[in-house]
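Source file upload-v2.pdb; content: PDB, C-alpha atoms and all ligand atoms.
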```
ATOM      1  CA  MET A  28       0.000   0.000   0.000
ATOM      2  CA  HIS A  29       2.959   2.404   0.557
ATOM      3  CA  LEU A  30       5.539   3.461  -2.050
ATOM      4  CA  LEU A  31       8.730   3.631   0.016
ATOM      5  CA  ASN A  32      11.123   2.241  -2.624
ATOM      6  CA  THR A  33      11.028  -0.155  -5.571
ATOM      7  CA  THR A  34      12.525  -3.088  -3.649
ATOM      8  CA  GLY A  35      10.508  -6.207  -4.326
ATOM      9  CA  MET A  36       8.695  -4.742  -7.337
ATOM     10  CA  SER A  37       8.765  -6.819 -10.499
ATOM     11  CA  ARG A  38       9.872  -5.487 -13.865
ATOM     12  CA  GLU A  39       6.271  -5.906 -15.008
ATOM     13  CA  GLN A  40       5.027  -3.664 -12.169
ATOM     14  CA  LEU A  41       7.591  -0.977 -13.026
ATOM     15  CA  GLU A  42       6.688  -1.190 -16.713
ATOM     16  CA  GLN A  43       2.974  -0.866 -15.880
ATOM     17  CA  LEU A  44       3.671   2.367 -13.978
ATOM     18  CA  ILE A  45       5.787   3.678 -16.860
ATOM     19  CA  GLU A  46       3.047   2.793 -19.373
ATOM     20  CA  ALA A  47       0.492   4.569 -17.177
ATOM     21  CA  ALA A  48       2.774   7.625 -16.943
ATOM     22  CA  LEU A  49       3.136   7.657 -20.744
ATOM     23  CA  ARG A  50      -0.679   7.648 -21.059
ATOM     24  CA  PHE A  51      -0.934  10.634 -18.707
ATOM     25  CA  LYS A  52       1.782  12.406 -20.693
ATOM     26  CA  SER A  53       0.167  11.780 -24.088
ATOM     27  CA  GLY A  54      -3.255  12.857 -22.824
ATOM     28  CA  ASP A  55      -4.754   9.406 -23.489
ATOM     29  CA  ASN A  56      -5.573   9.265 -19.777
ATOM     30  CA  ARG A  57      -7.321  12.365 -18.439
ATOM     31  CA  SER A  58      -8.938  10.656 -15.462
ATOM     32  CA  ARG A  59      -9.312  12.569 -12.180
ATOM     33  CA  PRO A  60      -9.402   9.950  -9.429
ATOM     34  CA  LEU A  61      -8.636  12.497  -6.669
ATOM     35  CA  ILE A  62     -11.758  14.653  -7.073
ATOM     36  CA  GLY A  63     -12.829  15.757  -3.604
ATOM     37  CA  LYS A  64      -9.698  14.295  -1.985
ATOM     38  CA  SER A  65      -6.609  15.840  -0.376
ATOM     39  CA  VAL A  66      -3.013  14.593  -0.298
ATOM     40  CA  ALA A  67      -0.521  15.856   2.318
ATOM     41  CA  LEU A  68       3.033  16.656   1.202
ATOM     42  CA  VAL A  69       5.478  16.827   4.099
ATOM     43  CA  PHE A  70       8.810  18.480   3.315
ATOM     44  CA  PHE A  71      11.603  18.340   5.877
ATOM     45  CA  ASN A  72      13.975  19.565   3.114
ATOM     46  CA  PRO A  73      13.956  21.964   0.136
ATOM     47  CA  SER A  74      12.591  20.981  -3.270
ATOM     48  CA  LEU A  75      11.715  22.440  -6.644
ATOM     49  CA  ARG A  76      10.757  19.508  -8.864
ATOM     50  CA  THR A  77       9.191  17.190  -6.311
ATOM     51  CA  ARG A  78       7.101  19.842  -4.643
ATOM     52  CA  ALA A  79       5.909  21.536  -7.845
ATOM     53  CA  SER A  80       5.245  18.298  -9.735
ATOM     54  CA  MET A  81       3.357  16.739  -6.820
ATOM     55  CA  GLN A  82       1.206  19.835  -6.332
ATOM     56  CA  VAL A  83       0.465  20.085 -10.057
ATOM     57  CA  GLY A  84      -0.107  16.327 -10.346
ATOM     58  CA  ILE A  85      -2.593  16.286  -7.461
ATOM     59  CA  TYR A  86      -4.417  19.257  -9.025
ATOM     60  CA  GLU A  87      -4.537  17.563 -12.449
ATOM     61  CA  LEU A  88      -5.969  14.414 -10.838
ATOM     62  CA  GLY A  89      -8.745  16.564  -9.352
ATOM     63  CA  GLY A  90      -7.393  16.741  -5.788
ATOM     64  CA  ASN A  91      -6.003  19.248  -3.312
ATOM     65  CA  ALA A  92      -2.425  19.349  -1.962
ATOM     66  CA  VAL A  93      -1.730  20.211   1.689
ATOM     67  CA  VAL A  94       1.934  21.213   1.949
ATOM     68  CA  LEU A  95       3.570  21.094   5.382
ATOM     69  CA  GLU A  96       7.136  21.865   6.453
ATOM     70  CA  PRO A  97       7.906  20.511   9.941
ATOM     71  CA  GLY A  98       9.773  23.108  11.919
ATOM     72  CA  GLY A  99       8.578  25.820   9.519
ATOM     73  CA  THR A 100       4.873  25.839   8.646
ATOM     74  CA  SER A 101       4.099  22.975  11.072
ATOM     75  CA  TRP A 102       5.534  21.875  14.444
ATOM     76  CA  THR A 103       8.967  20.293  14.805
ATOM     77  CA  LEU A 104       8.609  16.491  14.674
ATOM     78  CA  GLU A 105       9.975  13.635  16.798
ATOM     79  CA  HIS A 106      10.042  10.202  15.150
ATOM     80  CA  ARG A 107      11.763   7.944  17.743
ATOM     81  CA  ALA A 108       9.531   5.485  19.590
ATOM     82  CA  GLY A 109       9.692   6.006  23.334
ATOM     83  CA  ALA A 110      11.411   9.409  23.064
ATOM     84  CA  VAL A 111      11.271  11.689  26.115
ATOM     85  CA  MET A 112      10.269  14.867  24.315
ATOM     86  CA  ASP A 113      11.929  17.442  26.564
ATOM     87  CA  GLY A 114      14.095  18.873  23.749
ATOM     88  CA  ASP A 115      13.245  20.961  20.682
ATOM     89  CA  LYS A 116      10.661  18.578  19.145
ATOM     90  CA  THR A 117       7.039  19.625  19.729
ATOM     91  CA  GLU A 118       4.941  16.884  18.111
ATOM     92  CA  HIS A 119       5.417  13.152  17.554
ATOM     93  CA  VAL A 120       4.947  11.476  14.164
ATOM     94  CA  ALA A 121       2.441   9.170  15.928
ATOM     95  CA  GLU A 122      -0.050  12.033  16.308
ATOM     96  CA  PHE A 123       1.036  13.975  13.193
ATOM     97  CA  VAL A 124       0.283  11.044  10.867
ATOM     98  CA  ARG A 125      -2.934   9.907  12.543
ATOM     99  CA  VAL A 126      -4.350  13.450  12.527
ATOM    100  CA  LEU A 127      -3.360  14.086   8.896
ATOM    101  CA  GLU A 128      -4.987  10.884   7.685
ATOM    102  CA  ARG A 129      -8.327  12.104   9.042
ATOM    103  CA  TYR A 130      -8.066  14.837   6.354
ATOM    104  CA  CYS A 131      -5.952  13.292   3.607
ATOM    105  CA  VAL A 132      -6.009  10.074   1.552
ATOM    106  CA  ALA A 133      -2.211   9.820   1.303
ATOM    107  CA  ILE A 134       0.920  11.420   2.737
ATOM    108  CA  GLY A 135       4.059  12.191   0.711
ATOM    109  CA  VAL A 136       7.241  12.622   2.738
ATOM    110  CA  ARG A 137      10.638  14.155   1.917
ATOM    111  CA  THR A 138      13.276  13.519   4.553
ATOM    112  CA  PHE A 139      16.944  13.527   3.520
ATOM    113  CA  ALA A 140      19.823  11.803   5.249
ATOM    114  CA  ALA A 141      21.546  14.103   7.727
ATOM    115  CA  LEU A 142      24.860  12.340   6.883
ATOM    116  CA  LYS A 143      25.676  11.953  10.554
ATOM    117  CA  ASP A 144      25.169   8.259  11.396
ATOM    118  CA  TRP A 145      25.335   5.782   8.513
ATOM    119  CA  ASN A 146      24.117   2.736  10.444
ATOM    120  CA  GLU A 147      21.008   4.555  11.603
ATOM    121  CA  GLU A 148      20.243   6.556   8.470
ATOM    122  CA  ARG A 149      20.583   3.572   6.118
ATOM    123  CA  THR A 150      17.437   2.174   7.789
ATOM    124  CA  ASP A 151      15.345   5.210   6.724
ATOM    125  CA  PRO A 152      14.105   5.830  10.296
ATOM    126  CA  ILE A 153      11.913   8.898   9.690
ATOM    127  CA  LEU A 154      10.193   7.556   6.575
ATOM    128  CA  ASN A 155       9.594   4.223   8.298
ATOM    129  CA  ALA A 156       8.108   5.989  11.333
ATOM    130  CA  PHE A 157       5.537   7.574   9.006
ATOM    131  CA  ALA A 158       4.787   4.161   7.466
ATOM    132  CA  ARG A 159       4.500   2.525  10.905
ATOM    133  CA  TYR A 160       1.753   4.865  12.115
ATOM    134  CA  ALA A 161      -0.094   5.386   8.817
ATOM    135  CA  SER A 162      -3.196   3.633   7.606
ATOM    136  CA  VAL A 163      -3.146   5.655   4.357
ATOM    137  CA  PRO A 164      -0.443   5.248   1.687
ATOM    138  CA  ILE A 165       2.905   6.907   2.359
ATOM    139  CA  ILE A 166       4.723   8.063  -0.787
ATOM    140  CA  ASN A 167       8.480   8.523  -0.505
ATOM    141  CA  LEU A 168       9.423  11.904  -1.992
ATOM    142  CA  GLU A 169      13.132  11.196  -1.245
ATOM    143  CA  SER A 170      14.325   9.679   1.970
ATOM    144  CA  ALA A 171      17.784   8.959   3.326
ATOM    145  CA  MET A 172      18.125   5.881   1.127
ATOM    146  CA  HIS A 173      15.598   6.014  -1.727
ATOM    147  CA  HIS A 174      13.975   8.314  -4.283
ATOM    148  CA  PRO A 175      11.570   5.996  -6.150
ATOM    149  CA  CYS A 176       9.607   8.778  -7.888
ATOM    150  CA  GLN A 177      12.883   9.972  -9.414
ATOM    151  CA  SER A 178      14.046   6.513 -10.476
ATOM    152  CA  LEU A 179      10.706   5.716 -12.117
ATOM    153  CA  ALA A 180      10.877   9.008 -14.045
ATOM    154  CA  ASP A 181      14.459   8.097 -15.006
ATOM    155  CA  MET A 182      13.385   4.684 -16.339
ATOM    156  CA  MET A 183      10.520   6.323 -18.240
ATOM    157  CA  THR A 184      12.966   8.813 -19.788
ATOM    158  CA  ILE A 185      15.350   6.055 -20.924
ATOM    159  CA  ARG A 186      12.414   4.209 -22.466
ATOM    160  CA  GLU A 187      11.180   7.371 -24.256
ATOM    161  CA  LYS A 188      14.581   8.372 -25.587
ATOM    162  CA  LEU A 189      16.080   4.984 -26.458
ATOM    163  CA  GLY A 190      13.087   2.649 -26.740
ATOM    164  CA  ALA A 191      12.325  -0.498 -24.784
ATOM    165  CA  GLY A 192      14.980  -3.119 -24.097
ATOM    166  CA  ARG A 193      18.350  -3.524 -22.442
ATOM    167  CA  LYS A 194      20.694  -0.529 -22.581
ATOM    168  CA  ARG A 195      24.245   0.026 -21.348
ATOM    169  CA  VAL A 196      23.575   2.389 -18.458
ATOM    170  CA  VAL A 197      26.407   4.033 -16.512
ATOM    171  CA  LEU A 198      25.820   5.575 -13.100
ATOM    172  CA  THR A 199      28.841   7.763 -12.406
ATOM    173  CA  TRP A 200      29.869   9.497  -9.192
ATOM    174  CA  ALA A 201      30.863  13.136  -9.656
ATOM    175  CA  TRP A 202      32.912  15.502  -7.554
ATOM    176  CA  HIS A 203      30.821  18.010  -5.569
ATOM    177  CA  PRO A 204      31.848  20.574  -2.943
ATOM    178  CA  LYS A 205      29.861  18.833  -0.212
ATOM    179  CA  PRO A 206      28.865  15.266   0.638
ATOM    180  CA  LEU A 207      25.331  14.430  -0.548
ATOM    181  CA  PRO A 208      22.904  11.600   0.340
ATOM    182  CA  MET A 209      22.742   8.331  -1.601
ATOM    183  CA  ALA A 210      19.006   8.142  -2.247
ATOM    184  CA  VAL A 211      19.144   8.998  -5.950
ATOM    185  CA  PRO A 212      22.024   6.659  -6.905
ATOM    186  CA  ASN A 213      20.540   3.845  -4.817
ATOM    187  CA  SER A 214      17.122   4.098  -6.425
ATOM    188  CA  PHE A 215      18.510   4.637  -9.933
ATOM    189  CA  ALA A 216      20.784   1.603  -9.675
ATOM    190  CA  LEU A 217      18.000  -0.543  -8.241
ATOM    191  CA  ALA A 218      15.450   0.433 -10.886
ATOM    192  CA  ALA A 219      17.974   0.078 -13.736
ATOM    193  CA  ALA A 220      18.801  -3.440 -12.558
ATOM    194  CA  GLN A 221      15.105  -4.296 -12.102
ATOM    195  CA  MET A 222      14.411  -3.101 -15.655
ATOM    196  CA  GLY A 223      17.098  -5.460 -16.964
ATOM    197  CA  HIS A 224      19.600  -2.817 -18.076
ATOM    198  CA  ASP A 225      23.319  -3.546 -18.369
ATOM    199  CA  LEU A 226      24.350  -1.428 -15.375
ATOM    200  CA  VAL A 227      27.835  -0.082 -14.647
ATOM    201  CA  ILE A 228      28.508   1.909 -11.472
ATOM    202  CA  ALA A 229      31.639   4.094 -11.524
ATOM    203  CA  HIS A 230      32.976   5.746  -8.392
ATOM    204  CA  PRO A 231      36.330   6.389  -6.721
ATOM    205  CA  GLU A 232      37.521   3.864  -4.164
ATOM    206  CA  GLY A 233      35.817   4.515  -0.838
ATOM    207  CA  TYR A 234      32.543   5.742  -2.354
ATOM    208  CA  GLU A 235      30.816   2.350  -2.491
ATOM    209  CA  LEU A 236      27.020   2.260  -2.276
ATOM    210  CA  ASP A 237      25.251   0.301   0.456
ATOM    211  CA  GLU A 238      26.364  -3.365   0.433
ATOM    212  CA  GLU A 239      22.847  -4.734   0.885
ATOM    213  CA  LEU A 240      21.645  -2.622  -2.035
ATOM    214  CA  ILE A 241      24.508  -3.834  -4.249
ATOM    215  CA  GLU A 242      23.496  -7.420  -3.431
ATOM    216  CA  GLN A 243      19.955  -6.656  -4.598
ATOM    217  CA  LEU A 244      21.295  -5.485  -7.978
ATOM    218  CA  GLY A 245      22.558  -8.913  -9.023
ATOM    219  CA  GLY A 246      25.389  -8.911 -11.564
ATOM    220  CA  VAL A 247      26.246  -5.215 -11.672
ATOM    221  CA  GLU A 248      29.684  -4.074 -12.913
ATOM    222  CA  ILE A 249      31.484  -1.746 -10.492
ATOM    223  CA  THR A 250      34.582   0.177 -11.526
ATOM    224  CA  ASN A 251      36.887   2.876 -10.131
ATOM    225  CA  ASP A 252      37.928   3.805 -13.713
ATOM    226  CA  ILE A 253      35.695   6.590 -15.012
ATOM    227  CA  ASP A 254      37.297   6.594 -18.472
ATOM    228  CA  ALA A 255      36.702   2.893 -19.039
ATOM    229  CA  ALA A 256      33.143   3.188 -17.731
ATOM    230  CA  PHE A 257      32.108   5.688 -20.410
ATOM    231  CA  SER A 258      33.172   3.460 -23.334
ATOM    232  CA  GLY A 259      30.121   2.176 -25.177
ATOM    233  CA  ALA A 260      27.619   3.706 -22.736
ATOM    234  CA  GLU A 261      24.141   4.548 -24.029
ATOM    235  CA  VAL A 262      23.120   6.375 -20.848
ATOM    236  CA  ILE A 263      25.346   8.483 -18.590
ATOM    237  CA  TYR A 264      23.665   9.217 -15.255
ATOM    238  CA  ALA A 265      25.756  11.561 -13.085
ATOM    239  CA  LYS A 266      25.296  11.996  -9.340
ATOM    240  CA  SER A 267      27.528  12.818  -6.426
ATOM    241  CA  TRP A 268      27.202  11.137  -3.043
ATOM    242  CA  GLY A 269      29.010  11.052   0.293
ATOM    243  CA  ALA A 270      31.212   8.205   1.488
ATOM    244  CA  LYS A 271      29.392   6.126   4.099
ATOM    245  CA  GLN A 272      32.505   5.781   6.277
ATOM    246  CA  PHE A 273      32.644   9.593   6.550
ATOM    247  CA  TYR A 274      29.054  10.123   7.755
ATOM    248  CA  GLY A 275      29.499  12.463  10.731
ATOM    249  CA  ASP A 276      32.841  13.764   9.431
ATOM    250  CA  ALA A 277      32.243  15.879   6.327
ATOM    251  CA  ALA A 278      35.706  17.441   6.567
ATOM    252  CA  ARG A 279      37.374  14.034   6.030
ATOM    253  CA  ASP A 280      35.125  13.328   3.066
ATOM    254  CA  LEU A 281      35.990  16.696   1.514
ATOM    255  CA  ALA A 282      39.713  16.181   2.091
ATOM    256  CA  THR A 283      39.519  12.701   0.534
ATOM    257  CA  ARG A 284      37.530  13.757  -2.508
ATOM    258  CA  ALA A 285      39.663  16.837  -3.295
ATOM    259  CA  GLN A 286      41.908  14.721  -5.565
ATOM    260  CA  TYR A 287      38.891  13.812  -7.770
ATOM    261  CA  ARG A 288      37.769  17.346  -8.625
ATOM    262  CA  ASP A 289      39.141  17.588 -12.156
ATOM    263  CA  LYS A 290      38.792  13.905 -13.059
ATOM    264  CA  TRP A 291      35.249  13.051 -11.918
ATOM    265  CA  ILE A 292      33.252  15.509 -14.029
ATOM    266  CA  VAL A 293      31.129  14.717 -17.076
ATOM    267  CA  ASP A 294      32.650  16.606 -19.995
ATOM    268  CA  GLU A 295      32.672  16.464 -23.795
ATOM    269  CA  GLU A 296      35.840  14.373 -23.906
ATOM    270  CA  LYS A 297      34.259  11.598 -21.851
ATOM    271  CA  MET A 298      30.908  11.820 -23.664
ATOM    272  CA  ALA A 299      32.779  11.374 -26.972
ATOM    273  CA  ARG A 300      33.817   7.889 -25.819
ATOM    274  CA  THR A 301      30.208   6.765 -25.351
ATOM    275  CA  ASN A 302      27.873   5.159 -27.862
ATOM    276  CA  ASP A 303      26.034   8.495 -28.442
ATOM    277  CA  ALA A 304      24.842   8.392 -24.849
ATOM    278  CA  ILE A 305      22.125  10.579 -23.428
ATOM    279  CA  PHE A 306      23.137  12.610 -20.369
ATOM    280  CA  MET A 307      20.901  12.350 -17.302
ATOM    281  CA  HIS A 308      20.851  14.024 -13.885
ATOM    282  CA  CYS A 309      18.017  14.322 -11.360
ATOM    283  CA  LEU A 310      18.668  18.076 -10.857
ATOM    284  CA  PRO A 311      19.540  20.399  -9.256
ATOM    285  CA  VAL A 312      22.983  20.127 -10.841
ATOM    286  CA  ARG A 313      26.086  22.247 -10.265
ATOM    287  CA  ARG A 314      27.257  23.353 -13.690
ATOM    288  CA  ASN A 315      30.986  23.007 -14.445
ATOM    289  CA  VAL A 316      31.370  20.987 -11.266
ATOM    290  CA  VAL A 317      29.306  17.821 -11.887
ATOM    291  CA  VAL A 318      28.851  18.404 -15.639
ATOM    292  CA  THR A 319      30.199  21.003 -18.051
ATOM    293  CA  ASP A 320      27.957  23.583 -19.705
ATOM    294  CA  ALA A 321      28.841  22.032 -23.061
ATOM    295  CA  VAL A 322      27.344  18.666 -22.037
ATOM    296  CA  VAL A 323      24.309  19.807 -20.052
ATOM    297  CA  ASP A 324      23.386  22.252 -22.844
ATOM    298  CA  SER A 325      24.015  19.722 -25.646
ATOM    299  CA  SER A 326      21.418  17.747 -27.583
ATOM    300  CA  ALA A 327      22.510  14.669 -25.595
ATOM    301  CA  SER A 328      21.178  16.183 -22.388
ATOM    302  CA  VAL A 329      17.672  15.025 -21.404
ATOM    303  CA  VAL A 330      17.570  16.583 -17.932
ATOM    304  CA  ILE A 331      14.530  18.792 -18.589
ATOM    305  CA  ASP A 332      12.466  15.938 -20.052
ATOM    306  CA  GLU A 333      13.557  13.825 -17.089
ATOM    307  CA  ALA A 334      12.245  16.503 -14.719
ATOM    308  CA  GLU A 335       8.971  16.743 -16.656
ATOM    309  CA  ASN A 336       8.508  12.997 -16.363
ATOM    310  CA  ARG A 337       8.393  13.325 -12.567
ATOM    311  CA  LEU A 338       4.912  14.816 -13.025
ATOM    312  CA  HIS A 339       3.592  11.982 -15.203
ATOM    313  CA  VAL A 340       5.125   9.196 -13.122
ATOM    314  CA  GLN A 341       3.788  10.615  -9.871
ATOM    315  CA  LYS A 342       0.307  10.896 -11.385
ATOM    316  CA  ALA A 343       0.607   7.222 -12.343
ATOM    317  CA  ILE A 344       1.748   6.329  -8.809
ATOM    318  CA  MET A 345      -1.090   8.264  -7.159
ATOM    319  CA  ALA A 346      -3.678   6.858  -9.570
ATOM    320  CA  SER A 347      -2.404   3.358  -8.837
ATOM    321  CA  LEU A 348      -2.391   3.816  -5.027
ATOM    322  CA  LEU A 349      -5.506   5.975  -4.697
ATOM    323  CA  GLY A 350      -7.539   5.478  -7.848
ATOM    324  CA  GLY A 351      -9.762   2.647  -6.671
TER     325      GLY A 351
HETATM  326  N1  LIG B 401      15.200  15.723  -8.406
HETATM  327  C1  LIG B 401      14.533  16.230  -7.345
HETATM  328  O1  LIG B 401      13.986  15.507  -6.490
HETATM  329  O2  LIG B 401      14.464  17.596  -7.353
HETATM  330  P1  LIG B 401      14.032  18.488  -6.124
HETATM  331  O3  LIG B 401      15.016  18.233  -5.008
HETATM  332  O4  LIG B 401      14.081  19.909  -6.615
HETATM  333  O5  LIG B 401      12.650  18.088  -5.689
END
```

Could you show the structure in this file as structure tokens?
Amino acid sequence: MHLLNTTGMSREQLEQLIEAALRFKSGDNRSRPLIGKSVALVFFNPSLRTRASMQVGIYELGGNAVVLEPGGTSWTLEHRAGAVMDGDKTEHVAEFVRVLERYCVAIGVRTFAALKDWNEERTDPILNAFARYASVPIINLESAMHHPCQSLADMMTIREKLGAGRKRVVLTWAWHPKPLPMAVPNSFALAAAQMGHDLVIAHPEGYELDEELIEQLGGVEITNDIDAAFSGAEVIYAKSWGAKQFYGDAARDLATRAQYRDKWIVDEEKMARTNDAIFMHCLPVRRNVVVTDAVVDSSASVVIDEAENRLHVQKAIMASLLGG
């Protein structure tokens, strides 16, 4: 009933959602299953695409979006079971969720990793607290470990641009001036593997993704050689992420990654080694840091279509969860 990640979903289920999103995009499906209904969108962190596309998607499905920002436009939230709430948290997720579901048919949640404690954050504690107390669907709008709405839009974009079937898809780490969460690379890698793509993950030594997630991917190729990774690629998906051993110590991560600044960037020279690959990024992207202007502004870049597809995929997700 929840959409927390794509773990356990079959390729057929992912393809059904993509097909449904394509029907919303083409206008073949103009249904409005949310007429008279409200969906809560809870943002612990900033957003452009997710917030705007969810609000627009809910409106286009006939519904009403209730946007809440804990600690800003709503009370600060505690999520730990058994917490003694004598600190700065005013309300517990237990009440927050059970009150909201008296008004709303679903709750979307954005809650990033704080990059402080890997062992705790890899379990997605805040998102799972919402799911524990909810009797309406919880939709993950990017948690510490997963961003399924993004990865479904990514798979839809690959399908639109390159057609159905197995593609050589390269997920490459990129240098960035601060450590970032792993949700996007985790979900992209998982969905690419579930869709049967030939997946290569390129990152410097020390920037491995979660071991349990890698096990779920099956026979993925992992390399520390960015130049070799680009050869023959049909999709280049760039994303930076923090090293899990440096959660809680950003300074060590930054000192370690400094050596990769000039090498781990997507530029024209690397793109020239691909098999006419499309360039993808979830956005926001730091120009001339993660990718050069020449690449992100080239005809190979599909980042704006990818962002548009968030709207169609999320309409498909909401119609699937709430349409009945
Ligand atoms: N890609 C993505 O989720 O964008 P926002 O952070 O702007 O929502």

message = Give me, as a ChimeraX atom specification, the set of residues whose atoms come within 8 Å of any atom of ligand LIG 401 (chain B), counting all atoms listed in the file.
response = /A:73-79,168-169,174,177,309-311,334

ask   = What gap, in Å, lies between CA of Glu118 (chain A) and CA of Leu31 (chain A)?
value =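 The value is 22.7 Å.
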
ask   = So what does the PyMOL selection byres (((chain A and resi 270) around 8) and not hetatm) actually pick up in this one, as a list in words?
value = Pro206, Gly233, Tyr234, Glu235, Trp268, Gly269, Lys271, Gln272, Phe273, Tyr274 and Asp280 of chain A

Gap from CA of Thr184 (chain A) to CA of Val330 (chain A) - Å, one decimal =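 Going from CA of Thr184 (chain A) over to CA of Val330 (chain A) covers 9.2 Å.
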
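The space between CA of Val293 (chain A) and CA of Asn251 (chain A) spans 14.9 Å.
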
ask   = Closest to Lys266 (chain A) among A:Arg50, A:Arg186, A:Lys290, A:His203, using all atoms listed in the file?
value =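 Checking each of A:Arg50, A:Arg186, A:Lys290, A:His203 against Lys266 (chain A), counting all atoms listed in the file, the winner is A:His203.
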
ask   = Within 12 Å of Asn91 (chain A), counting all atoms listed in the file, which residues qualify if same-chain residues fewer than 6 places away don't, as a list in words?
value = Arg59, Pro60, Leu61, Ile62, Gly63, Lys64, Ser65, Val66, Ala67, Leu68, Met81, Gln82, Val83, Gly84, Ile85, Tyr130, Cys131, Val132 and Ala133 of chain A

request  = Considering only C-alpha atoms, state which residue in the set A:Gly275, A:Gly90, A:Gly350, A:Pro204 is at the smallest distance from Glu147 (chain A).
outcome  = A:Gly275

request  = Take the PyMOL selection byres (((chain A and resi 322) around 9) and not hetatm), apply it to the structure above, and return the hits as a ChimeraX atom specification.
outcome  = /A:293-295,298,306,318-321,323-328
